[in-house]
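Step one of this worksheet: look at the structure below.
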Amino acid sequence: MTDADPVRLYRTVRLIRRFEERAVELVHGGQIVGGIHPYLGQEGIAAGVCAALGADDVLAGTHRGHGHVLARGADPARMLAELCGRVTGLNAGRGGSMHAADLSIGVLGANAIVGASGAIITGAVWAHRRRGRDTVGVSFFGDGAVNEGMLLEAFNLAALWRVPVLFVCENNGYATTMPVAGAVAGSIAGRAAAFDLPAVQVDGQDPETVRVAASAAVDRMRAGGGPELIEARTYRFDAHHTFEHAVRLDDYRPPDEVTRGRARDPVRIQGERLTDADRAAVDAEVEATLDAAVRFALNSPEPDPADALTYLYASGLTARTGGG
Amino acid sequence: MPRLSYRRALTRALADELTRDEAVFVLGEDVQVGASLVTTGLAKRFGTERVRDTPLSEQAFTSFATGAALAGLRPVIEFQIPSLLFLVFEQIVNHAHKFPLMTGGQCSVPVTYLVPGSGSRTGWAGQHSDHPYSLFAHVGVVTVVPATPADAYGLLVTAIRHDDPVVVFAPAGAMDLRDDVDDLAPVPLGRGRIHRFGDDVTVVAIGHLVHDALAVAEEVADQVSVEVFDPRTLYPFDIDGLTESVARTGRLVVLDDANRSCGMAAEIIASVVERVPLLAPPRRVTRPDGAVLPFAPALDRAVQPGRDQLATAIHLTMKDSS
Ligand SMILES: Cc1ncc(C[n+]2csc(CCOP(=O)(O)OP(=O)(O)O)c2C)c(N)n1
Ligand SMILES: [Mg+2]
């Protein structure tokens, strides 16, 4: 099931990297309103984990969620159109960066509430399995989320009911400006141990290492095992959110730490496993894909304000308007 | 006259109260760096013991504040986004709010919950754009929504000194307003303010919408004389002040940036019509029922109550009574 092809893994990290760099440009250009939480530096985690998944599997992400959606195979053009608020976007322009979702490929959505996705994915996996599928799930979250009660409650439910969810903690060292040491009593892996979840720590900057760890966990879960946790150590290369590009917050990350963090680049690490020719071919193909994606997004129509509440109720209930 | 921004007014209020009363302390996410740009500089000035960064554990730190208040301190919690109030609704409503009665008057819970940037921030989409003040008014927690820098200062100061829990909504649409402010002073709870006198219709506007109401009042001034009433506190509501205004104008329109059903506008209208006969049916301009703010900017705007809708409501109210 696992996709061990190093070229495809490189393509995924490269795609996410360049997608995010393009998206940051579009934020600065005003085409993406509200800004984004760039996934830059963390590409290897989404890429490595998603390479371990099969077609029936589901995942849910975070506010820093573009990488998860792309690694799962969503169309970059429709993803970018979503960020630009266009009707052709994955969510018809209704969700934006923090809510991008593609249910058709098992992406239950990025989520703007820290710690919220773990319980949602646990319920989804449980239901799929009751209906006879071999589904496993992935819940991505940051180091900040391990202090949210609802995530720990999800650990408990998943463990208690043996729901095969791979909890993937992307430990980039900070929750906005709060360092892990200032926020986490005990350890992240220790949170898992308390619920008897097997836990491993891996180098999140190496996409292949992440893939191997995720594949092993997925294999165990498919063989009847319960939930597990992977703590992937990583580093966020850019701002917490692009608002920091406009408003400088105090140096909460020491400059030498940033330099060291950025030196371990998942795109370079995976790229070095390819021949120069293969790498160049992937880079060119990704660039062409993204050129087309940007054109598609910016040429797509914006939604009609008259349809602002379309999709509000799945039942078709219509809401009274605000009046006047 | 010194010019003061709404945001800086909040900073000043926090600094003044931290200075005045040792019992006051601030806690929240990224408050030391000041990610919301409200608590900027406070950690340096007052120390990290009194300006405390928390882990992302909203439910725990909200009730931690309740405990600290029971032990005699005056916590101010800053929430980065309005929807965090949904997460801690239990802690505020079922604990902080209920302790005085449940203990037979043995205690008070003077906690301030400050939400800088409530409502839409444009582009922050469904889970970050709510304006849930009516929920707190419904359960009876003191709720304020200042519209101006002076009121932001005065109401935050009063909230911190108040012996019961107070939720302070600082709308995103008001955060960057600047005003000439002479002297900063506490503003009493439960006292509205008439920003503009008029004869034909009273427009009640909440928070940042006060400024939209004033603009519309100017626009229509040659046809209709509009009075603009800013309640400032939503609970307890200055019903006497509003009744006095509507008794003069005879007409009422409410502008409220929150969902229509069971919203503040409904409560305000009901409270007025219980007391004053009107010349025309009252009207409200709100977000739609059940509104979730869509991401695309044009849709986000379409769901929020706007100036055109208000102008229409004013004209219809005049027509209904002619
Ligand atoms: C429940 C909740 N609390 C606070 C926030 C505001 N917020 C958004 S992202 C963030 C930091 C999250 O840190 P972490 O989980 O480590 O993820 P990272 O941003 O580092 O990827 C905060 C505090 C939120 N969206 N949801
Ligand atoms: Mg983090």
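In the structure tokens, chains take the letters A, B, ... in the order shown, each chain's residues start at 1, and ligands count up from 1 in the order shown.
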
Using only C-alpha atoms and all ligand atoms, I'd like a table of the residues in chain A that come within 9 Å of ligand 1; for each, show the closest atom pair and its distance in Å rounded to one decimal, ordered by chain and ascending number, as CSV.
```
residue,atom,partner,partner_atom_place_in_ligand_line,distance
A:His37,CA,ligand 1,19 (O),7.3
A:Pro38,CA,ligand 1,21 (O),8.7
A:Tyr39,CA,ligand 1,21 (O),7.7
A:Gln42,CA,ligand 1,21 (O),8.9
A:Thr62,CA,ligand 1,21 (O),7.5
A:His63,CA,ligand 1,9 (S),6.2
A:Arg64,CA,ligand 1,21 (O),5.5
A:Gly65,CA,ligand 1,21 (O),8.6
A:Asn111,CA,ligand 1,25 (N),8.3
A:Ala112,CA,ligand 1,25 (N),5.0
A:Ile113,CA,ligand 1,26 (N),3.8
A:Val114,CA,ligand 1,26 (N),4.0
A:Gly115,CA,ligand 1,1 (C),6.4
A:Ala116,CA,ligand 1,1 (C),7.5
A:Phe141,CA,ligand 1,15 (O),5.9
A:Gly142,CA,ligand 1,15 (O),3.4
A:Asp143,CA,ligand 1,16 (O),3.9
A:Gly144,CA,ligand 1,15 (O),3.4
A:Ala145,CA,ligand 1,15 (O),4.4
A:Val146,CA,ligand 1,15 (O),7.5
A:Asn147,CA,ligand 1,15 (O),8.8
A:Glu148,CA,ligand 1,1 (C),7.2
A:Cys169,CA,ligand 1,15 (O),8.5
A:Glu170,CA,ligand 1,21 (O),7.0
A:Asn171,CA,ligand 1,16 (O),6.5
A:Asn172,CA,ligand 1,20 (O),5.7
A:Gly173,CA,ligand 1,16 (O),7.0
A:Tyr174,CA,ligand 1,20 (O),5.2
A:Ala175,CA,ligand 1,13 (O),3.2
A:Thr176,CA,ligand 1,11 (C),4.5
A:Thr177,CA,ligand 1,11 (C),7.9
A:Met178,CA,ligand 1,13 (O),8.1
A:Pro179,CA,ligand 1,16 (O),8.7
A:Val180,CA,ligand 1,16 (O),8.0
A:Tyr235,CA,ligand 1,20 (O),8.8
A:Arg236,CA,ligand 1,20 (O),7.3
A:His240,CA,ligand 1,19 (O),5.9
A:His241,CA,ligand 1,19 (O),8.1
```

Checklist entry - chain A residues within 7 Å of chain B, counting only C-alpha atoms: which ones, as a ChimeraX atom specification? => result /A:33-34,85,93-96,112,144-145,147-149,177-178,183,249-250,305,308,319-324

Checklist entry - Smallest atom-to-atom distance to ligand 2: which of A:Ala306, A:Val210, A:Ala181, A:Ala119, using only C-alpha atoms and all ligand atoms? => result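 Using only C-alpha atoms and all ligand atoms, ligand 2 sits closest to A:Ala181.
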
Checklist outcome for this item: Between atom CA of Phe167 of chain A and atom CA of Val200 of chain A lies a distance of 10.8 Å

Item to check | Point-to-point distance in Å for atom CA of Gly250 of chain B and atom CA of Ile206 of chain B | outcome: 19.9 Å

Item to check | Which of segment 65-280 of chain B fall in strand (DSSP E), as a ChimeraX atom specification | outcome: /B:74-78,112-118,142-144,166-171,178-180,193-196,201-205,226-230,233-235,252-259

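Taking atom CA of Pro236 of chain B and atom CA of Val142 of chain B as the two end points, the separation is 6.3 Å.
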